[in-house]
Amino acid sequence: MSTYYTNLSQQYSIKLQLIDQSVKQWEKCQGIAFDYSGSIMVSTEKNDIKVWSFLNGTIKIQNTLYGHTDQAQCLVLAIGLNEWICSQPYQQHTDYVIFILLNSNEDLLFSGSFDKSNKVWKVDLNQNKLKFLYSLNNHNNDVVSLSLNESENLLVSCAKGYNQIIIWERKEEGKFEFQYFVTQPFQEYGHKIKFIKENQFILITNANQIDKIFIFERIEGVFQVNQSKTIHLMTNNKIYDEYHFPIIYNKVRGLIVLRYKMFIYILKEFNDGKYNIVDQLSCATYSIYGTITNNGQYLVYWYNKNQGYSIYELLNK
């Protein structure tokens with residue numbers, strides 16, 4: 001851990017303990033997701049979805065799901081699903097879908113795409129169907145990340161390009177509408193974005209020169225950067241970040257998990273309202289794709305150096 005994090009209080013510390021690295025997968029995995037119980041893990045392998053059982057930090061292959069005709073980019077799992085039936089394909093987007101987001105009621109799905117749009121879908125899990133509702137089209141470049149706030153009345157999305165962070169608000173009739181572009185105090189585009197609180201989200205850029213996490217807070221009705229809460233990451237001006245492996249916030253343990261360039265960082269909020277890094281992993285590559293279980297106990301990721309899955313337990317020190 002870097003010297004500027006050594007003064008962290010013991011009560012906040014998390015230790016990442018390696019459990020297993022024995023399960024190999026030679027083809028790239030670009031997305032991993034867990035069911036609510038943490039007993040089922042799904043991951044991508046080119047066009048296919050692999051289904052695993054997960055128990056005490058070990059995975060065992062159970063099934064492979066076929067149906068996609070191109071690389072699967074992202075995954076989301078609904079609560080209580082225990083059987084797998086392939087639906088018809090839904091083709092509203094005209095380019096890769098990079099990010100999908102399910103609301104807490106599991107009746108709305110948001111998808112962000114390289115076609116510069118966000119799409120909103122009605123979800124019927126009982127019938128295994130989606131119904132396209134409408135499109136959010138104010139971005140002028142590839143959409144790479146989406147997030148809902150706690151009350152789910154605000155949606156934030158970011159796209160490639162300067163000043164491409166948009167706030168969308170849900171109106172009385174339930175439809176999300178464009179509100180404004182968030183002003184950026186930096187020139188690089190937002191790459192990953194995540195609401196942590198009702199009126200606070202964090203953002204990482206794609207810059208090779210800006211190795212920071214920015215905290216945006218709602219002040220007088222408008223989201224803007226709180227410079228005093230900016231988090232400095234390990235400096236590496238030779239590479240750019242990669243847009244897969246979205247930012248994860250685990251409310252159960254109050255943890256933020258994110259991959260930036262060649263590192264996986266674990267952050268917690270301190271009593272002063274600032275976030276600090278409490279542990280980090282160096283993976284010696286930016287080709288890292290993973291997530292954590294819903295109880296915040298295990299981290300699982302695939303990376304190309306190992307050509308397989310690494311499983312860590314997040315222990316309180």
# chains A, B, ... in the order shown; residues from 1 in each chain; ligands from 1
call {"tool": "residues_around", "arguments": {"residues": "segment 136-150 of chain A", "least_positions_apart": "2", "cutoff": "7 Å", "atoms": "only C-alpha atoms", "output": "PyMOL selection string"}}
result
chain A and resi 98-99+112-119+134+152-161+164+191-195+197-198+243
call {"tool": "write_last_selection", "arguments": {"atoms": "C-alpha atoms", "output": "JSON list (two decimals), in the first residue's frame"}}
result
[["chain", "number", "residue", "atom", "x", "y", "z"],
["A", 98, "ILE", "CA", -21.77, -1.41, -22.97],
["A", 99, "PHE", "CA", -23.77, -0.91, -19.77],
["A", 112, "GLY", "CA", -26.22, 2.51, -22.64],
["A", 113, "SER", "CA", -24.61, 2.04, -26.03],
["A", 114, "PHE", "CA", -21.92, 3.11, -28.44],
["A", 115, "ASP", "CA", -24.81, 4.35, -30.61],
["A", 116, "LYS", "CA", -24.81, 7.42, -28.29],
["A", 117, "SER", "CA", -28.15, 6.62, -26.68],
["A", 118, "ASN", "CA", -29.66, 5.31, -23.47],
["A", 119, "LYS", "CA", -32.70, 3.07, -23.89],
["A", 134, "TYR", "CA", -38.24, 5.22, -25.01],
["A", 152, "GLU", "CA", -34.20, 6.33, -8.26],
["A", 153, "ASN", "CA", -35.58, 9.70, -9.31],
["A", 154, "LEU", "CA", -32.26, 10.72, -10.90],
["A", 155, "LEU", "CA", -30.23, 8.94, -13.57],
["A", 156, "VAL", "CA", -26.70, 10.00, -14.41],
["A", 157, "SER", "CA", -24.96, 8.89, -17.59],
["A", 158, "CYS", "CA", -21.57, 9.67, -19.06],
["A", 159, "ALA", "CA", -20.24, 9.35, -22.58],
["A", 160, "LYS", "CA", -16.94, 9.79, -24.32],
["A", 161, "GLY", "CA", -16.08, 13.44, -24.84],
["A", 164, "GLN", "CA", -20.71, 14.56, -21.53],
["A", 191, "HIS", "CA", -15.42, 6.89, -18.03],
["A", 192, "LYS", "CA", -17.16, 5.29, -15.05],
["A", 193, "ILE", "CA", -19.81, 6.85, -12.85],
["A", 194, "LYS", "CA", -21.71, 5.72, -9.75],
["A", 195, "PHE", "CA", -24.20, 7.25, -7.32],
["A", 197, "LYS", "CA", -25.71, 8.63, -1.98],
["A", 198, "GLU", "CA", -28.93, 10.39, -2.89],
["A", 243, "TYR", "CA", -14.49, 0.95, -19.49]]
call {"tool": "residues_around", "arguments": {"residues": "Lys229 of chain A", "least_positions_apart": "5", "cutoff": "8 Å", "atoms": "only C-alpha atoms", "output": "mmCIF file with N, CA and C atoms, in the first residue's frame"}}
result
data_model
loop_
_atom_site.group_PDB
_atom_site.id
_atom_site.type_symbol
_atom_site.label_atom_id
_atom_site.label_comp_id
_atom_site.auth_asym_id
_atom_site.auth_seq_id
_atom_site.Cartn_x
_atom_site.Cartn_y
_atom_site.Cartn_z
ATOM 1 N N PHE A 214 -13.121 11.674 -8.769
ATOM 2 C CA PHE A 214 -13.791 12.941 -8.481
ATOM 3 C C PHE A 214 -15.135 12.679 -7.804
ATOM 4 N N ILE A 215 -15.430 13.467 -6.760
ATOM 5 C CA ILE A 215 -16.681 13.373 -6.024
ATOM 6 C C ILE A 215 -17.572 14.544 -6.429
ATOM 7 N N LYS A 274 -15.098 12.057 3.898
ATOM 8 C CA LYS A 274 -14.179 11.833 2.787
ATOM 9 C C LYS A 274 -13.940 10.334 2.606
ATOM 10 N N TYR A 275 -13.664 9.941 1.368
ATOM 11 C CA TYR A 275 -13.392 8.543 1.053
ATOM 12 C C TYR A 275 -11.887 8.323 0.988
#
call {"tool": "residues_around", "arguments": {"residues": "segment 217-224 of chain A", "least_positions_apart": "2", "cutoff": "12 Å", "atoms": "only C-alpha atoms", "output": "PyMOL selection string"}}
result
chain A and resi 149+154+156+163+165-168+179-186+194-203+214-215+226-230+273
call {"tool": "write_last_selection", "arguments": {"atoms": "C-alpha atoms", "output": "CSV table (one decimal), in the first residue's frame"}}
result
chain,number,residue,atom,x,y,z
A,149,ASN,CA,-29.5,7.5,-7.1
A,154,LEU,CA,-32.3,10.7,-10.9
A,156,VAL,CA,-26.7,10.0,-14.4
A,163,ASN,CA,-18.7,17.7,-20.7
A,165,ILE,CA,-22.1,13.9,-18.0
A,166,ILE,CA,-25.9,14.2,-18.1
A,167,ILE,CA,-28.5,14.3,-15.3
A,168,TRP,CA,-31.9,12.9,-16.2
A,179,GLN,CA,-32.2,18.1,-17.1
A,180,TYR,CA,-28.7,19.4,-17.8
A,181,PHE,CA,-25.1,18.6,-18.6
A,182,VAL,CA,-22.8,18.6,-15.6
A,183,THR,CA,-19.9,21.1,-15.8
A,184,GLN,CA,-16.5,19.4,-15.6
A,185,PRO,CA,-13.5,21.2,-14.1
A,186,PHE,CA,-11.2,18.9,-16.2
A,194,LYS,CA,-21.7,5.7,-9.8
A,195,PHE,CA,-24.2,7.3,-7.3
A,196,ILE,CA,-23.1,6.6,-3.7
A,197,LYS,CA,-25.7,8.6,-2.0
A,198,GLU,CA,-28.9,10.4,-2.9
A,199,ASN,CA,-27.1,13.5,-3.9
A,200,GLN,CA,-23.5,12.3,-4.5
A,201,PHE,CA,-21.8,10.4,-7.3
A,202,ILE,CA,-18.2,9.5,-8.1
A,203,LEU,CA,-16.5,9.6,-11.4
A,214,PHE,CA,-13.8,12.9,-8.5
A,215,ILE,CA,-16.7,13.4,-6.0
A,226,ASN,CA,-16.2,18.9,-4.4
A,227,GLN,CA,-12.4,19.4,-4.8
A,228,SER,CA,-11.7,18.8,-1.2
A,229,LYS,CA,-12.8,15.2,-1.5
A,230,THR,CA,-10.8,14.3,-4.7
A,273,GLY,CA,-17.3,12.4,4.9
call {"tool": "closest_residue", "arguments": {"among": "A:Ser22, A:Asn250, A:Thr69, A:Asn103", "to": "Lys268 of chain A", "atoms": "only C-alpha atoms"}}
result
A:Asn250
call {"tool": "residues_around", "arguments": {"residues": "segment 90-92 of chain A", "least_positions_apart": "3", "cutoff": "12 Å", "atoms": "only C-alpha atoms", "output": "list in words"}}
result
Gly67, His68, Cys86, Ser87, Asp95, Tyr96, Val97, Ser111, Gly112, Ser113, Asp115, Ser117, Asn118, Lys119, Val120, Trp121, Asn128, Lys129, Leu130, Lys131, Phe132, Leu133, Tyr134 and Ser135 of chain A
call {"tool": "residues_around", "arguments": {"residues": "Ile288 of chain A", "least_positions_apart": "5", "cutoff": "9 Å", "atoms": "only C-alpha atoms", "output": "MDAnalysis selection string"}}
result
chainID A and resid 29:30 242 244:245 259 261:264 283 301:304
call {"tool": "atom_distance", "arguments": {"atom1": "atom CA of Leu65 of chain A", "atom2": "atom CA of Gln307 of chain A"}}
result
20.6 Å
call {"tool": "decode", "arguments": {"residues": "segment 128-254 of chain A", "atoms": "C-alpha atoms", "output": "PDB file, in the first residue's frame"}}
result
ATOM      1  CA  ASN A 128     -39.141 -13.433 -19.770  1.00  0.00           C
ATOM      2  CA  LYS A 129     -39.835 -10.351 -21.889  1.00  0.00           C
ATOM      3  CA  LEU A 130     -38.614  -6.816 -22.468  1.00  0.00           C
ATOM      4  CA  LYS A 131     -40.677  -3.986 -23.931  1.00  0.00           C
ATOM      5  CA  PHE A 132     -38.905  -0.954 -25.343  1.00  0.00           C
ATOM      6  CA  LEU A 133     -40.306   2.259 -23.834  1.00  0.00           C
ATOM      7  CA  TYR A 134     -38.245   5.225 -25.012  1.00  0.00           C
ATOM      8  CA  SER A 135     -34.781   6.534 -25.793  1.00  0.00           C
ATOM      9  CA  LEU A 136     -32.645   9.230 -24.107  1.00  0.00           C
ATOM     10  CA  ASN A 137     -30.665  10.828 -26.905  1.00  0.00           C
ATOM     11  CA  ASN A 138     -28.839  13.969 -25.721  1.00  0.00           C
ATOM     12  CA  HIS A 139     -25.313  12.497 -25.778  1.00  0.00           C
ATOM     13  CA  ASN A 140     -23.190  13.118 -28.868  1.00  0.00           C
ATOM     14  CA  ASN A 141     -20.739  10.261 -28.287  1.00  0.00           C
ATOM     15  CA  ASP A 142     -20.519   6.654 -27.033  1.00  0.00           C
ATOM     16  CA  VAL A 143     -22.343   6.092 -23.718  1.00  0.00           C
ATOM     17  CA  VAL A 144     -20.117   4.144 -21.317  1.00  0.00           C
ATOM     18  CA  SER A 145     -21.695   4.280 -17.836  1.00  0.00           C
ATOM     19  CA  LEU A 146     -25.043   4.777 -16.029  1.00  0.00           C
ATOM     20  CA  SER A 147     -26.217   5.009 -12.419  1.00  0.00           C
ATOM     21  CA  LEU A 148     -29.412   5.672 -10.428  1.00  0.00           C
ATOM     22  CA  ASN A 149     -29.497   7.543  -7.120  1.00  0.00           C
ATOM     23  CA  GLU A 150     -30.984   5.987  -3.968  1.00  0.00           C
ATOM     24  CA  SER A 151     -34.556   7.154  -4.550  1.00  0.00           C
ATOM     25  CA  GLU A 152     -34.200   6.332  -8.260  1.00  0.00           C
ATOM     26  CA  ASN A 153     -35.575   9.704  -9.314  1.00  0.00           C
ATOM     27  CA  LEU A 154     -32.264  10.717 -10.905  1.00  0.00           C
ATOM     28  CA  LEU A 155     -30.231   8.937 -13.571  1.00  0.00           C
ATOM     29  CA  VAL A 156     -26.695  10.004 -14.408  1.00  0.00           C
ATOM     30  CA  SER A 157     -24.963   8.886 -17.590  1.00  0.00           C
ATOM     31  CA  CYS A 158     -21.573   9.667 -19.062  1.00  0.00           C
ATOM     32  CA  ALA A 159     -20.242   9.354 -22.583  1.00  0.00           C
ATOM     33  CA  LYS A 160     -16.940   9.790 -24.324  1.00  0.00           C
ATOM     34  CA  GLY A 161     -16.077  13.442 -24.838  1.00  0.00           C
ATOM     35  CA  TYR A 162     -15.672  16.572 -22.736  1.00  0.00           C
ATOM     36  CA  ASN A 163     -18.716  17.690 -20.692  1.00  0.00           C
ATOM     37  CA  GLN A 164     -20.712  14.557 -21.529  1.00  0.00           C
ATOM     38  CA  ILE A 165     -22.137  13.873 -18.049  1.00  0.00           C
ATOM     39  CA  ILE A 166     -25.937  14.185 -18.116  1.00  0.00           C
ATOM     40  CA  ILE A 167     -28.483  14.294 -15.294  1.00  0.00           C
ATOM     41  CA  TRP A 168     -31.909  12.860 -16.173  1.00  0.00           C
ATOM     42  CA  GLU A 169     -34.871  13.257 -13.813  1.00  0.00           C
ATOM     43  CA  ARG A 170     -37.956  11.104 -13.414  1.00  0.00           C
ATOM     44  CA  LYS A 171     -41.097  13.173 -13.753  1.00  0.00           C
ATOM     45  CA  GLU A 172     -44.522  12.543 -12.226  1.00  0.00           C
ATOM     46  CA  GLU A 173     -45.607  10.278 -15.059  1.00  0.00           C
ATOM     47  CA  GLY A 174     -42.514   8.146 -14.415  1.00  0.00           C
ATOM     48  CA  LYS A 175     -40.598   9.057 -17.549  1.00  0.00           C
ATOM     49  CA  PHE A 176     -36.984  10.193 -17.297  1.00  0.00           C
ATOM     50  CA  GLU A 177     -36.233  13.502 -18.997  1.00  0.00           C
ATOM     51  CA  PHE A 178     -33.079  15.484 -19.740  1.00  0.00           C
ATOM     52  CA  GLN A 179     -32.180  18.068 -17.081  1.00  0.00           C
ATOM     53  CA  TYR A 180     -28.657  19.362 -17.764  1.00  0.00           C
ATOM     54  CA  PHE A 181     -25.057  18.635 -18.642  1.00  0.00           C
ATOM     55  CA  VAL A 182     -22.817  18.579 -15.565  1.00  0.00           C
ATOM     56  CA  THR A 183     -19.934  21.052 -15.791  1.00  0.00           C
ATOM     57  CA  GLN A 184     -16.508  19.394 -15.566  1.00  0.00           C
ATOM     58  CA  PRO A 185     -13.474  21.230 -14.138  1.00  0.00           C
ATOM     59  CA  PHE A 186     -11.201  18.933 -16.176  1.00  0.00           C
ATOM     60  CA  GLN A 187     -10.820  18.313 -19.903  1.00  0.00           C
ATOM     61  CA  GLU A 188     -10.945  14.511 -20.023  1.00  0.00           C
ATOM     62  CA  TYR A 189     -14.165  12.562 -20.445  1.00  0.00           C
ATOM     63  CA  GLY A 190     -15.925  10.605 -17.732  1.00  0.00           C
ATOM     64  CA  HIS A 191     -15.422   6.891 -18.029  1.00  0.00           C
ATOM     65  CA  LYS A 192     -17.165   5.286 -15.055  1.00  0.00           C
ATOM     66  CA  ILE A 193     -19.811   6.854 -12.851  1.00  0.00           C
ATOM     67  CA  LYS A 194     -21.713   5.723  -9.751  1.00  0.00           C
ATOM     68  CA  PHE A 195     -24.200   7.254  -7.316  1.00  0.00           C
ATOM     69  CA  ILE A 196     -23.054   6.558  -3.745  1.00  0.00           C
ATOM     70  CA  LYS A 197     -25.707   8.628  -1.980  1.00  0.00           C
ATOM     71  CA  GLU A 198     -28.931  10.390  -2.893  1.00  0.00           C
ATOM     72  CA  ASN A 199     -27.076  13.545  -3.904  1.00  0.00           C
ATOM     73  CA  GLN A 200     -23.520  12.327  -4.462  1.00  0.00           C
ATOM     74  CA  PHE A 201     -21.830  10.387  -7.256  1.00  0.00           C
ATOM     75  CA  ILE A 202     -18.229   9.530  -8.052  1.00  0.00           C
ATOM     76  CA  LEU A 203     -16.513   9.571 -11.414  1.00  0.00           C
ATOM     77  CA  ILE A 204     -13.295   8.268 -12.950  1.00  0.00           C
ATOM     78  CA  THR A 205     -11.950   9.702 -16.183  1.00  0.00           C
ATOM     79  CA  ASN A 206     -10.305   7.881 -19.069  1.00  0.00           C
ATOM     80  CA  ALA A 207      -7.287  10.193 -18.914  1.00  0.00           C
ATOM     81  CA  ASN A 208      -3.737   8.917 -18.932  1.00  0.00           C
ATOM     82  CA  GLN A 209      -2.694  12.140 -17.153  1.00  0.00           C
ATOM     83  CA  ILE A 210      -5.426  12.419 -14.476  1.00  0.00           C
ATOM     84  CA  ASP A 211      -5.217   9.580 -11.952  1.00  0.00           C
ATOM     85  CA  LYS A 212      -7.999  10.707  -9.626  1.00  0.00           C
ATOM     86  CA  ILE A 213     -11.496   9.918  -8.411  1.00  0.00           C
ATOM     87  CA  PHE A 214     -13.791  12.941  -8.481  1.00  0.00           C
ATOM     88  CA  ILE A 215     -16.681  13.373  -6.024  1.00  0.00           C
ATOM     89  CA  PHE A 216     -19.707  15.270  -7.360  1.00  0.00           C
ATOM     90  CA  GLU A 217     -22.255  16.642  -4.883  1.00  0.00           C
ATOM     91  CA  ARG A 218     -25.546  18.481  -5.333  1.00  0.00           C
ATOM     92  CA  ILE A 219     -25.086  22.087  -4.287  1.00  0.00           C
ATOM     93  CA  GLU A 220     -27.950  24.543  -4.795  1.00  0.00           C
ATOM     94  CA  GLY A 221     -29.664  22.021  -7.036  1.00  0.00           C
ATOM     95  CA  VAL A 222     -26.712  21.384  -9.354  1.00  0.00           C
ATOM     96  CA  PHE A 223     -24.084  18.633  -9.252  1.00  0.00           C
ATOM     97  CA  GLN A 224     -20.520  19.905  -9.095  1.00  0.00           C
ATOM     98  CA  VAL A 225     -17.115  18.597  -8.033  1.00  0.00           C
ATOM     99  CA  ASN A 226     -16.168  18.854  -4.365  1.00  0.00           C
ATOM    100  CA  GLN A 227     -12.441  19.420  -4.831  1.00  0.00           C
ATOM    101  CA  SER A 228     -11.688  18.783  -1.152  1.00  0.00           C
ATOM    102  CA  LYS A 229     -12.835  15.167  -1.545  1.00  0.00           C
ATOM    103  CA  THR A 230     -10.845  14.308  -4.693  1.00  0.00           C
ATOM    104  CA  ILE A 231      -8.981  11.001  -4.282  1.00  0.00           C
ATOM    105  CA  HIS A 232      -5.517  10.534  -5.768  1.00  0.00           C
ATOM    106  CA  LEU A 233      -4.714   7.155  -7.306  1.00  0.00           C
ATOM    107  CA  MET A 234      -1.472   5.497  -8.338  1.00  0.00           C
ATOM    108  CA  THR A 235       0.085   7.520 -11.158  1.00  0.00           C
ATOM    109  CA  ASN A 236       0.514   5.891 -14.558  1.00  0.00           C
ATOM    110  CA  ASN A 237       0.592   8.227 -17.561  1.00  0.00           C
ATOM    111  CA  LYS A 238       1.441   5.478 -20.068  1.00  0.00           C
ATOM    112  CA  ILE A 239      -1.979   3.827 -20.344  1.00  0.00           C
ATOM    113  CA  TYR A 240      -5.672   4.659 -20.366  1.00  0.00           C
ATOM    114  CA  ASP A 241      -8.360   3.048 -18.246  1.00  0.00           C
ATOM    115  CA  GLU A 242     -10.719   0.451 -19.754  1.00  0.00           C
ATOM    116  CA  TYR A 243     -14.488   0.950 -19.494  1.00  0.00           C
ATOM    117  CA  HIS A 244     -15.530  -2.541 -18.343  1.00  0.00           C
ATOM    118  CA  PHE A 245     -15.592  -3.469 -14.623  1.00  0.00           C
ATOM    119  CA  PRO A 246     -18.036  -0.775 -13.418  1.00  0.00           C
ATOM    120  CA  ILE A 247     -17.705   0.988 -10.061  1.00  0.00           C
ATOM    121  CA  ILE A 248     -19.383  -1.041  -7.300  1.00  0.00           C
ATOM    122  CA  TYR A 249     -20.913   0.389  -4.132  1.00  0.00           C
ATOM    123  CA  ASN A 250     -21.764  -2.144  -1.425  1.00  0.00           C
ATOM    124  CA  LYS A 251     -24.088  -0.518   1.092  1.00  0.00           C
ATOM    125  CA  VAL A 252     -23.996  -3.505   3.473  1.00  0.00           C
ATOM    126  CA  ARG A 253     -20.325  -2.902   4.298  1.00  0.00           C
ATOM    127  CA  GLY A 254     -20.037   0.676   3.090  1.00  0.00           C
TER     128      GLY A 254
END
